[in-house]
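Quick look at entry28.cif (mmCIF, C-alpha atoms and all ligand atoms):
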data_input
loop_
_atom_site.group_PDB
_atom_site.id
_atom_site.type_symbol
_atom_site.label_atom_id
_atom_site.label_comp_id
_atom_site.auth_asym_id
_atom_site.auth_seq_id
_atom_site.Cartn_x
_atom_site.Cartn_y
_atom_site.Cartn_z
ATOM 1 C CA MET A 1 -28.921 -42.409 36.079
ATOM 2 C CA PRO A 2 -31.392 -39.578 36.892
ATOM 3 C CA ALA A 3 -34.284 -39.151 34.498
ATOM 4 C CA TRP A 4 -33.366 -35.806 32.924
ATOM 5 C CA THR A 5 -29.768 -36.857 32.219
ATOM 6 C CA GLU A 6 -30.914 -40.082 30.588
ATOM 7 C CA LEU A 7 -33.463 -38.249 28.442
ATOM 8 C CA ALA A 8 -30.969 -35.512 27.513
ATOM 9 C CA LEU A 9 -28.405 -38.138 26.423
ATOM 10 C CA ALA A 10 -31.006 -39.973 24.307
ATOM 11 C CA CYS A 11 -32.179 -36.714 22.766
ATOM 12 C CA ALA A 12 -28.625 -35.547 22.083
ATOM 13 C CA ARG A 13 -27.829 -38.837 20.300
ATOM 14 C CA ALA A 14 -30.951 -38.473 18.135
ATOM 15 C CA ALA A 15 -30.142 -34.810 17.381
ATOM 16 C CA ARG A 16 -26.508 -35.612 16.546
ATOM 17 C CA ALA A 17 -27.575 -38.281 14.043
ATOM 18 C CA ALA A 18 -30.357 -36.177 12.475
ATOM 19 C CA LEU A 19 -28.173 -33.064 12.154
ATOM 20 C CA ARG A 20 -24.944 -34.890 11.197
ATOM 21 C CA LEU A 21 -23.249 -32.978 14.026
ATOM 22 C CA PRO A 22 -19.624 -34.093 14.565
ATOM 23 C CA SER A 23 -18.921 -35.129 18.181
ATOM 24 C CA ASP A 24 -15.955 -32.733 18.485
ATOM 25 C CA ALA A 25 -17.721 -29.663 16.962
ATOM 26 C CA SER A 26 -18.305 -27.781 20.260
ATOM 27 C CA PRO A 27 -20.708 -25.325 18.605
ATOM 28 C CA VAL A 28 -21.948 -21.986 19.837
ATOM 29 C CA ALA A 29 -25.616 -22.562 20.730
ATOM 30 C CA VAL A 30 -28.305 -19.917 20.298
ATOM 31 C CA VAL A 31 -31.884 -19.894 21.574
ATOM 32 C CA LEU A 32 -33.937 -17.679 19.254
ATOM 33 C CA GLY A 33 -36.858 -15.961 20.992
ATOM 34 C CA SER A 34 -40.239 -14.679 19.771
ATOM 35 C CA GLY A 35 -40.007 -13.292 16.241
ATOM 36 C CA LEU A 36 -36.193 -13.656 16.177
ATOM 37 C CA GLY A 37 -35.929 -17.050 14.459
ATOM 38 C CA ALA A 38 -34.736 -15.817 11.054
ATOM 39 C CA PHE A 39 -31.097 -15.686 12.167
ATOM 40 C CA ALA A 40 -30.990 -19.467 11.604
ATOM 41 C CA GLU A 41 -31.493 -18.851 7.850
ATOM 42 C CA ARG A 42 -28.012 -17.263 7.777
ATOM 43 C CA LEU A 43 -26.319 -20.554 8.634
ATOM 44 C CA ALA A 44 -24.549 -22.253 5.720
ATOM 45 C CA SER A 45 -24.661 -26.018 5.020
ATOM 46 C CA GLN A 46 -27.552 -26.332 7.408
ATOM 47 C CA THR A 47 -29.373 -29.387 8.646
ATOM 48 C CA ALA A 48 -32.526 -29.153 10.758
ATOM 49 C CA VAL A 49 -34.773 -31.334 12.845
ATOM 50 C CA PRO A 50 -38.290 -30.457 14.132
ATOM 51 C CA PHE A 51 -38.690 -30.501 17.920
ATOM 52 C CA GLU A 52 -41.330 -33.229 17.716
ATOM 53 C CA SER A 53 -38.791 -35.664 16.181
ATOM 54 C CA LEU A 54 -36.545 -35.404 19.249
ATOM 55 C CA PRO A 55 -37.209 -37.566 22.339
ATOM 56 C CA GLY A 56 -38.271 -35.411 25.301
ATOM 57 C CA PHE A 57 -38.877 -32.222 23.258
ATOM 58 C CA PRO A 58 -42.485 -31.042 23.596
ATOM 59 C CA ALA A 59 -43.716 -29.153 20.503
ATOM 60 C CA THR A 60 -43.813 -25.346 20.820
ATOM 61 C CA THR A 61 -47.327 -23.883 20.739
ATOM 62 C CA VAL A 62 -46.561 -20.159 20.531
ATOM 63 C CA PRO A 63 -47.006 -18.128 17.298
ATOM 64 C CA GLY A 64 -43.602 -16.698 16.283
ATOM 65 C CA HIS A 65 -41.795 -19.872 17.407
ATOM 66 C CA ARG A 66 -40.993 -22.294 14.612
ATOM 67 C CA GLY A 67 -39.936 -25.297 16.699
ATOM 68 C CA ARG A 68 -36.780 -26.574 14.957
ATOM 69 C CA LEU A 69 -33.214 -27.311 15.982
ATOM 70 C CA VAL A 70 -30.830 -26.153 13.238
ATOM 71 C CA PHE A 71 -27.125 -26.906 12.831
ATOM 72 C CA GLY A 72 -24.959 -24.941 10.415
ATOM 73 C CA ASP A 73 -21.852 -22.940 9.793
ATOM 74 C CA LEU A 74 -21.286 -19.230 10.350
ATOM 75 C CA GLY A 75 -17.941 -18.152 8.869
ATOM 76 C CA GLY A 76 -16.275 -21.386 9.974
ATOM 77 C CA VAL A 77 -17.933 -21.490 13.409
ATOM 78 C CA PRO A 78 -20.333 -24.397 14.038
ATOM 79 C CA VAL A 79 -23.661 -23.101 15.360
ATOM 80 C CA LEU A 80 -26.674 -24.874 16.867
ATOM 81 C CA ALA A 81 -29.825 -22.773 16.876
ATOM 82 C CA LEU A 82 -33.132 -23.476 18.597
ATOM 83 C CA GLN A 83 -35.760 -21.739 16.467
ATOM 84 C CA GLY A 84 -38.346 -21.334 19.183
ATOM 85 C CA ARG A 85 -38.459 -22.329 22.825
ATOM 86 C CA LEU A 86 -40.740 -23.662 25.508
ATOM 87 C CA HIS A 87 -42.315 -21.489 28.192
ATOM 88 C CA GLY A 88 -43.643 -22.139 31.672
ATOM 89 C CA TYR A 89 -46.939 -20.496 30.732
ATOM 90 C CA GLU A 90 -47.575 -23.255 28.181
ATOM 91 C CA GLY A 91 -47.938 -25.542 31.210
ATOM 92 C CA HIS A 92 -44.406 -26.940 31.336
ATOM 93 C CA ASP A 93 -42.425 -27.060 34.574
ATOM 94 C CA ALA A 94 -39.084 -25.233 34.603
ATOM 95 C CA ALA A 95 -37.078 -28.449 34.103
ATOM 96 C CA THR A 96 -39.001 -29.182 30.897
ATOM 97 C CA VAL A 97 -38.507 -25.588 29.732
ATOM 98 C CA ALA A 98 -34.760 -25.934 30.347
ATOM 99 C CA PHE A 99 -34.541 -29.355 28.685
ATOM 100 C CA PRO A 100 -33.638 -28.182 25.137
ATOM 101 C CA GLY A 101 -30.856 -26.027 26.635
ATOM 102 C CA ARG A 102 -29.615 -29.017 28.611
ATOM 103 C CA VAL A 103 -29.437 -31.012 25.391
ATOM 104 C CA LEU A 104 -27.386 -28.227 23.780
ATOM 105 C CA GLY A 105 -25.001 -28.570 26.725
ATOM 106 C CA VAL A 106 -24.836 -32.360 26.460
ATOM 107 C CA LEU A 107 -23.991 -31.894 22.748
ATOM 108 C CA GLY A 108 -20.833 -30.064 23.868
ATOM 109 C CA SER A 109 -21.872 -26.459 23.135
ATOM 110 C CA ARG A 110 -19.110 -24.120 24.223
ATOM 111 C CA ALA A 111 -21.452 -21.200 24.883
ATOM 112 C CA LEU A 112 -25.191 -20.575 25.124
ATOM 113 C CA VAL A 113 -26.603 -17.361 23.691
ATOM 114 C CA VAL A 114 -30.174 -16.768 24.875
ATOM 115 C CA THR A 115 -32.395 -14.229 23.158
ATOM 116 C CA ASN A 116 -35.900 -13.032 23.875
ATOM 117 C CA ALA A 117 -38.510 -10.402 23.287
ATOM 118 C CA ALA A 118 -39.052 -8.274 26.398
ATOM 119 C CA GLY A 119 -40.973 -5.292 27.664
ATOM 120 C CA GLY A 120 -38.957 -2.195 28.528
ATOM 121 C CA VAL A 121 -39.208 -1.340 32.246
ATOM 122 C CA ASN A 122 -36.429 1.232 32.039
ATOM 123 C CA PRO A 123 -38.196 4.402 30.818
ATOM 124 C CA ASP A 124 -35.170 5.277 28.644
ATOM 125 C CA PHE A 125 -35.684 2.168 26.516
ATOM 126 C CA ALA A 126 -37.637 2.308 23.255
ATOM 127 C CA PRO A 127 -39.279 -0.442 21.183
ATOM 128 C CA GLY A 128 -36.650 -1.913 18.852
ATOM 129 C CA ASP A 129 -33.745 -1.445 21.296
ATOM 130 C CA LEU A 130 -31.420 -4.393 21.872
ATOM 131 C CA MET A 131 -30.215 -5.016 25.432
ATOM 132 C CA ARG A 132 -27.375 -7.173 26.696
ATOM 133 C CA ILE A 133 -28.685 -9.042 29.736
ATOM 134 C CA ALA A 134 -26.208 -8.148 32.466
ATOM 135 C CA ASP A 135 -28.033 -10.253 35.071
ATOM 136 C CA HIS A 136 -31.496 -11.529 35.874
ATOM 137 C CA LEU A 137 -34.187 -11.510 38.545
ATOM 138 C CA ASN A 138 -35.945 -14.859 38.750
ATOM 139 C CA LEU A 139 -39.462 -13.807 39.742
ATOM 140 C CA SER A 140 -41.104 -16.869 38.233
ATOM 141 C CA GLY A 141 -41.169 -18.754 41.541
ATOM 142 C CA ARG A 142 -39.687 -21.723 39.677
ATOM 143 C CA ASN A 143 -36.293 -23.335 39.236
ATOM 144 C CA PRO A 144 -35.324 -26.002 36.664
ATOM 145 C CA LEU A 145 -33.037 -27.729 39.175
ATOM 146 C CA LEU A 146 -35.801 -28.658 41.652
ATOM 147 C CA GLY A 147 -35.800 -32.360 42.469
ATOM 148 C CA PRO A 148 -32.917 -34.813 42.696
ATOM 149 C CA ASN A 149 -29.650 -33.325 41.451
ATOM 150 C CA GLU A 150 -28.495 -34.543 38.046
ATOM 151 C CA ASP A 151 -24.908 -35.214 39.193
ATOM 152 C CA ALA A 152 -23.675 -36.062 35.680
ATOM 153 C CA LEU A 153 -24.629 -32.538 34.587
ATOM 154 C CA GLY A 154 -23.537 -30.398 37.540
ATOM 155 C CA ALA A 155 -23.396 -29.655 41.266
ATOM 156 C CA ARG A 156 -26.369 -29.476 43.659
ATOM 157 C CA PHE A 157 -25.887 -25.779 44.498
ATOM 158 C CA PRO A 158 -24.549 -24.004 41.405
ATOM 159 C CA ASP A 159 -23.160 -20.485 41.705
ATOM 160 C CA LEU A 160 -25.030 -17.894 39.603
ATOM 161 C CA SER A 161 -22.821 -14.897 40.348
ATOM 162 C CA ARG A 162 -21.210 -15.258 36.898
ATOM 163 C CA ALA A 163 -24.149 -16.840 35.086
ATOM 164 C CA TYR A 164 -23.721 -14.186 32.357
ATOM 165 C CA ASP A 165 -20.114 -14.767 31.362
ATOM 166 C CA PRO A 166 -17.877 -11.647 31.374
ATOM 167 C CA ARG A 167 -15.812 -12.933 28.397
ATOM 168 C CA LEU A 168 -18.959 -13.272 26.289
ATOM 169 C CA ALA A 169 -20.256 -9.916 27.539
ATOM 170 C CA GLU A 170 -17.064 -8.261 26.317
ATOM 171 C CA ALA A 171 -17.239 -10.096 22.989
ATOM 172 C CA LEU A 172 -20.834 -8.891 22.511
ATOM 173 C CA GLU A 173 -19.973 -5.285 23.390
ATOM 174 C CA THR A 174 -17.102 -5.387 20.876
ATOM 175 C CA ALA A 175 -19.341 -6.875 18.175
ATOM 176 C CA ALA A 176 -21.929 -4.132 18.806
ATOM 177 C CA LYS A 177 -19.276 -1.399 18.480
ATOM 178 C CA GLU A 178 -17.876 -2.905 15.294
ATOM 179 C CA THR A 179 -21.266 -3.173 13.648
ATOM 180 C CA GLU A 180 -22.325 0.237 15.040
ATOM 181 C CA ILE A 181 -25.429 -1.318 16.568
ATOM 182 C CA ALA A 182 -26.597 0.463 19.713
ATOM 183 C CA LEU A 183 -26.657 -1.998 22.591
ATOM 184 C CA ARG A 184 -28.283 -1.248 25.926
ATOM 185 C CA ARG A 185 -27.431 -3.262 29.000
ATOM 186 C CA GLY A 186 -29.667 -4.126 31.893
ATOM 187 C CA ILE A 187 -31.368 -6.532 34.242
ATOM 188 C CA TYR A 188 -33.970 -8.940 32.858
ATOM 189 C CA ALA A 189 -36.788 -9.945 35.191
ATOM 190 C CA GLN A 190 -38.686 -13.122 34.433
ATOM 191 C CA ILE A 191 -42.303 -13.345 35.444
ATOM 192 C CA THR A 192 -44.476 -16.371 34.702
ATOM 193 C CA GLY A 193 -46.988 -14.899 32.230
ATOM 194 C CA PRO A 194 -48.976 -15.432 30.110
ATOM 195 C CA SER A 195 -50.736 -12.245 31.220
ATOM 196 C CA TYR A 196 -48.674 -9.111 30.825
ATOM 197 C CA GLU A 197 -47.941 -7.163 33.994
ATOM 198 C CA THR A 198 -50.116 -4.605 35.706
ATOM 199 C CA ALA A 199 -48.800 -1.043 35.822
ATOM 200 C CA ALA A 200 -48.249 -1.502 39.588
ATOM 201 C CA GLU A 201 -46.145 -4.621 38.957
ATOM 202 C CA VAL A 202 -44.024 -2.741 36.434
ATOM 203 C CA ARG A 203 -43.407 0.044 38.999
ATOM 204 C CA ALA A 204 -42.411 -2.651 41.508
ATOM 205 C CA LEU A 205 -40.082 -4.289 38.971
ATOM 206 C CA ARG A 206 -38.365 -0.947 38.409
ATOM 207 C CA LEU A 207 -37.853 -0.556 42.171
ATOM 208 C CA LEU A 208 -36.331 -4.037 42.237
ATOM 209 C CA GLY A 209 -33.775 -2.981 39.625
ATOM 210 C CA ALA A 210 -35.278 -4.483 36.465
ATOM 211 C CA ASP A 211 -34.732 -2.852 33.077
ATOM 212 C CA ALA A 212 -36.726 -5.377 31.054
ATOM 213 C CA VAL A 213 -39.405 -7.967 31.740
ATOM 214 C CA GLY A 214 -40.281 -11.185 29.956
ATOM 215 C CA MET A 215 -41.642 -14.701 30.289
ATOM 216 C CA SER A 216 -38.621 -16.838 29.398
ATOM 217 C CA THR A 217 -34.846 -17.332 29.441
ATOM 218 C CA VAL A 218 -34.107 -17.731 33.161
ATOM 219 C CA PRO A 219 -34.656 -21.545 33.246
ATOM 220 C CA GLU A 220 -32.216 -22.060 30.356
ATOM 221 C CA VAL A 221 -29.597 -19.816 31.993
ATOM 222 C CA ILE A 222 -29.872 -21.574 35.373
ATOM 223 C CA ALA A 223 -29.574 -24.994 33.717
ATOM 224 C CA ALA A 224 -26.592 -23.781 31.659
ATOM 225 C CA ALA A 225 -24.859 -22.485 34.802
ATOM 226 C CA HIS A 226 -25.495 -25.898 36.388
ATOM 227 C CA GLN A 227 -23.698 -27.528 33.424
ATOM 228 C CA GLY A 228 -20.885 -24.959 33.465
ATOM 229 C CA ILE A 229 -21.813 -23.511 30.065
ATOM 230 C CA PRO A 230 -20.916 -19.821 29.664
ATOM 231 C CA CYS A 231 -24.010 -17.755 28.794
ATOM 232 C CA CYS A 232 -24.793 -14.489 27.132
ATOM 233 C CA GLY A 233 -28.266 -12.967 26.786
ATOM 234 C CA ILE A 234 -29.802 -10.437 24.415
ATOM 235 C CA SER A 235 -33.296 -8.972 24.825
ATOM 236 C CA CYS A 236 -35.116 -7.284 22.018
ATOM 237 C CA ILE A 237 -37.237 -4.585 23.666
ATOM 238 C CA THR A 238 -40.486 -4.899 21.743
ATOM 239 C CA ASN A 239 -42.661 -2.547 23.783
ATOM 240 C CA ALA A 240 -42.696 -0.226 26.744
ATOM 241 C CA ALA A 241 -43.991 -2.291 29.673
ATOM 242 C CA ALA A 242 -47.510 -1.741 31.028
ATOM 243 C CA GLY A 243 -48.072 1.650 32.620
ATOM 244 C CA ILE A 244 -45.023 3.126 30.843
ATOM 245 C CA SER A 245 -46.941 2.618 27.639
ATOM 246 C CA HIS A 246 -50.618 3.493 27.901
ATOM 247 C CA THR A 247 -51.689 1.411 24.914
ATOM 248 C CA PRO A 248 -52.781 -2.209 25.542
ATOM 249 C CA LEU A 249 -50.085 -4.823 24.830
ATOM 250 C CA SER A 250 -50.500 -7.683 22.380
ATOM 251 C CA HIS A 251 -48.359 -10.645 21.348
ATOM 252 C CA GLN A 252 -48.882 -9.579 17.743
ATOM 253 C CA GLU A 253 -47.179 -6.234 18.503
ATOM 254 C CA VAL A 254 -44.314 -8.085 20.228
ATOM 255 C CA VAL A 255 -43.717 -10.363 17.243
ATOM 256 C CA GLU A 256 -44.075 -7.469 14.738
ATOM 257 C CA VAL A 257 -41.457 -5.317 16.491
ATOM 258 C CA ALA A 258 -39.099 -8.313 16.910
ATOM 259 C CA ARG A 259 -39.476 -9.038 13.172
ATOM 260 C CA ARG A 260 -38.725 -5.380 12.394
ATOM 261 C CA VAL A 261 -35.342 -5.564 14.160
ATOM 262 C CA GLU A 262 -34.614 -9.138 13.095
ATOM 263 C CA GLY A 263 -32.134 -7.958 10.424
ATOM 264 C CA THR A 264 -30.154 -5.784 12.854
ATOM 265 C CA PHE A 265 -30.331 -8.519 15.441
ATOM 266 C CA ALA A 266 -29.013 -11.123 12.965
ATOM 267 C CA ARG A 267 -26.180 -8.760 11.954
ATOM 268 C CA LEU A 268 -25.197 -8.397 15.619
ATOM 269 C CA LEU A 269 -25.250 -12.175 16.117
ATOM 270 C CA CYS A 270 -23.153 -12.713 12.968
ATOM 271 C CA ALA A 271 -20.494 -10.366 14.343
ATOM 272 C CA PHE A 272 -20.745 -11.750 17.867
ATOM 273 C CA ILE A 273 -20.711 -15.518 17.329
ATOM 274 C CA PRO A 274 -17.165 -15.856 15.915
ATOM 275 C CA ARG A 275 -15.937 -13.663 18.810
ATOM 276 C CA ALA A 276 -17.908 -15.761 21.292
ATOM 277 C CA ALA A 277 -16.353 -18.946 19.897
ATOM 278 C CA ALA A 278 -12.887 -17.442 20.347
ATOM 279 C CA ALA A 279 -13.617 -16.107 23.844
ATOM 280 C CA VAL A 280 -14.408 -19.412 25.555
ATOM 281 C CA PRO A 281 -12.843 -22.887 25.292
ATOM 282 C CA ALA A 282 -14.425 -25.894 23.599
ATOM 283 C CA ARG A 283 -16.462 -28.254 25.821
ATOM 284 C CA LYS A 284 -16.607 -32.006 25.550
ATOM 285 C CA ALA A 285 -19.878 -33.585 24.456
ATOM 286 C CA LEU A 286 -21.478 -36.137 26.802
ATOM 287 C CA ALA A 287 -23.316 -37.841 23.943
HETATM 288 N N1 LIG B 301 -44.014 -8.197 29.496
HETATM 289 C C1 LIG B 301 -43.700 -9.500 29.595
HETATM 290 N N2 LIG B 301 -43.197 -10.195 28.575
HETATM 291 C C2 LIG B 301 -43.005 -9.559 27.417
HETATM 292 C C3 LIG B 301 -43.325 -8.201 27.245
HETATM 293 C C4 LIG B 301 -43.861 -7.486 28.361
HETATM 294 O O1 LIG B 301 -44.155 -6.277 28.286
HETATM 295 N N3 LIG B 301 -43.005 -7.876 25.968
HETATM 296 C C5 LIG B 301 -42.513 -9.014 25.384
HETATM 297 N N4 LIG B 301 -42.513 -10.040 26.256
#
Using the file provided, produce a representation of the structure as structure tokens.
Ligand code: HPA
Amino acid sequence: MPAWTELALACARAARAALRLPSDASPVAVVLGSGLGAFAERLASQTAVPFESLPGFPATTVPGHRGRLVFGDLGGVPVLALQGRLHGYEGHDAATVAFPGRVLGVLGSRALVVTNAAGGVNPDFAPGDLMRIADHLNLSGRNPLLGPNEDALGARFPDLSRAYDPRLAEALETAAKETEIALRRGIYAQITGPSYETAAEVRALRLLGADAVGMSTVPEVIAAAHQGIPCCGISCITNAAAGISHTPLSHQEVVEVARRVEGTFARLLCAFIPRAAAAVPARKALA
């Protein structure tokens, strides 16, 4: 059995035991980005396990990322939430970055909701805006599926034309309308980081069709598409990207703005997740 599959199965078994996650739960899984981790506190009857207790999970090193996997209930819907994620700029390859998402898939998650903090490349966007990720540009030069294919997880050449599932997109749009939360939509471009972009790079990103730029998310979405897990993405626009804003960027500013909209963001997720669970069928767990 290929290495990643074996590790993901071992990790999923450890997570299932630690979280007391029933094998037929088919939860909605959420990856909570920089400064957006508080949503997990809304889950009832929750159990949690720190990343470092799970085989194959490197600890997260980024301020604003708590580094726990949480299982709980949201109005009758089982939810798995990663409070914090791994990034390529921490020195991990894309397969390692995607590993926690792969484990969520092996645990039978029916949908993967990825969230992040991002810079606004679209000049109409303002800090604090929430954006549904309609599609992405992988400008990281990396892919989590490099190397031998993990046949137990998916096909060698996965299609990404519907990586952001239209059923989940509709469910998110409906949830935003119902909660009267303004939701932008746009293209997320992933660069490697950890430096923010130059103003020239941001102009180039705009020409390429990007509306937002960040340092995460794409590896998890590619790995989810490989496993056939429907995905939905939400970016919290924390700042105008370099050159659009003329003030220097800082991670502290990113986390502060994300924390400021955390309540609105959590309200949107609370409305969206039951709809997401209803929009896509349950998946079978592999471990
Ligand atoms: N650029 C890249 N990543 C980011 C930004 C940005 O402006 N803001 C938050 N994450």
Legend entry - Selection near Pro27 in chain A, 9 Å with only C-alpha atoms, sequence-local residues under 5 positions removed, as number ranges by chain: A: 71, 77-80, 104, 107-111, 277, 282-283
Inset, instruction - Could you give me the residues within 10 Å of ligand LIG 301 (chain B), counting all atoms listed in the file, as number ranges by chain? - result: A: 33-34, 116-121, 127, 189-198, 202, 212-216, 235-245, 248-255, 257-258
Using only the atoms of range 248-262 of chain A listed in the file, plus 5 Å on each side, state the axis-aligned box centre and edge lengths in Å rounded to one decimal, as lines of an AutoDock Vina configuration file.
center_x = -43.7
center_y = -6.4
center_z = 19.0
size_x = 28.2
size_y = 18.4
size_z = 23.1
Inset, instruction - Given the file shown, determine the residues that the PyMOL selection byres (((chain A and resi 153) around 9) and not hetatm) selects; report them as a PyMOL selection string. - result: chain A and resi 5+102+105-106+149-152+154-155+226-228
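In this model, the gap between CA of Gly56 in chain A and CA of Leu7 in chain A comes to 6.4 Å.
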Inset, instruction - Find, counting all atoms listed in the file, the residue in A:Gly233, A:Gly88, A:Pro274, A:Gly76 that gets nearest to Ala163 in chain A. - result: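 Between A:Gly233, A:Gly88, A:Pro274, A:Gly76, the residue approaching Ala163 in chain A most closely is A:Gly233.
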Legend entry - Residue nearest Pro166 in chain A among A:Gly67, A:Gly91, A:Pro144, A:Pro230 (counting only C-alpha atoms):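 Smallest separation from Pro166 in chain A among the options: A:Pro230.
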Legend entry - Å distance separating CA of Phe272 in chain A from CA of Lys177 in chain A, one decimal place: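 So the two atoms, CA of Phe272 in chain A and CA of Lys177 in chain A, lie 10.5 Å apart.
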Leaving out Leu183 in chain A and any residue of its chain fewer than 4 positions from it, which residues lie within 8 Å of it when counting only C-alpha atoms, given as an mmCIF file with C-alpha atoms, in the coordinates of the input?
data_model
loop_
_atom_site.group_PDB
_atom_site.id
_atom_site.type_symbol
_atom_site.label_atom_id
_atom_site.label_comp_id
_atom_site.auth_asym_id
_atom_site.auth_seq_id
_atom_site.Cartn_x
_atom_site.Cartn_y
_atom_site.Cartn_z
ATOM 1 C CA ASP A 129 -33.745 -1.445 21.296
ATOM 2 C CA LEU A 130 -31.420 -4.393 21.872
ATOM 3 C CA MET A 131 -30.215 -5.016 25.432
ATOM 4 C CA ARG A 132 -27.375 -7.173 26.696
ATOM 5 C CA GLU A 173 -19.973 -5.285 23.390
ATOM 6 C CA ALA A 176 -21.929 -4.132 18.806
#
Legend entry - Pick from A:Leu82, A:Ala10, A:Val49, A:Val31, whichever lies nearest to Val221 in chain A using all atoms listed in the file: A:Val31
Inset, instruction - Take CA of Phe51 in chain A and CA of Arg68 in chain A and report the distance between them in Å, one decimal. - result: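 Those two atoms sit 5.3 Å apart.
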Inset, instruction - List the neighbours of range 37-44 of chain A out to 9 Å using all atoms listed in the file; skip same-chain residues closer than 6 positions along the sequence, and give me the result as a PyMOL selection string. - result: chain A and resi 31+64-66+70-75+78-84+259+262-263+265-267+269-270
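Nearest to Arg275 in chain A of all the residues A:Cys231, A:Ala223, A:Leu168, A:Ala210 is A:Leu168, based on all atoms listed in the file.
Taking only C-alpha atoms into account, Val97 in chain A lies nearest to A:Ile222 out of the set A:Ala276, A:Ile222, A:Ala204, A:Ala171.
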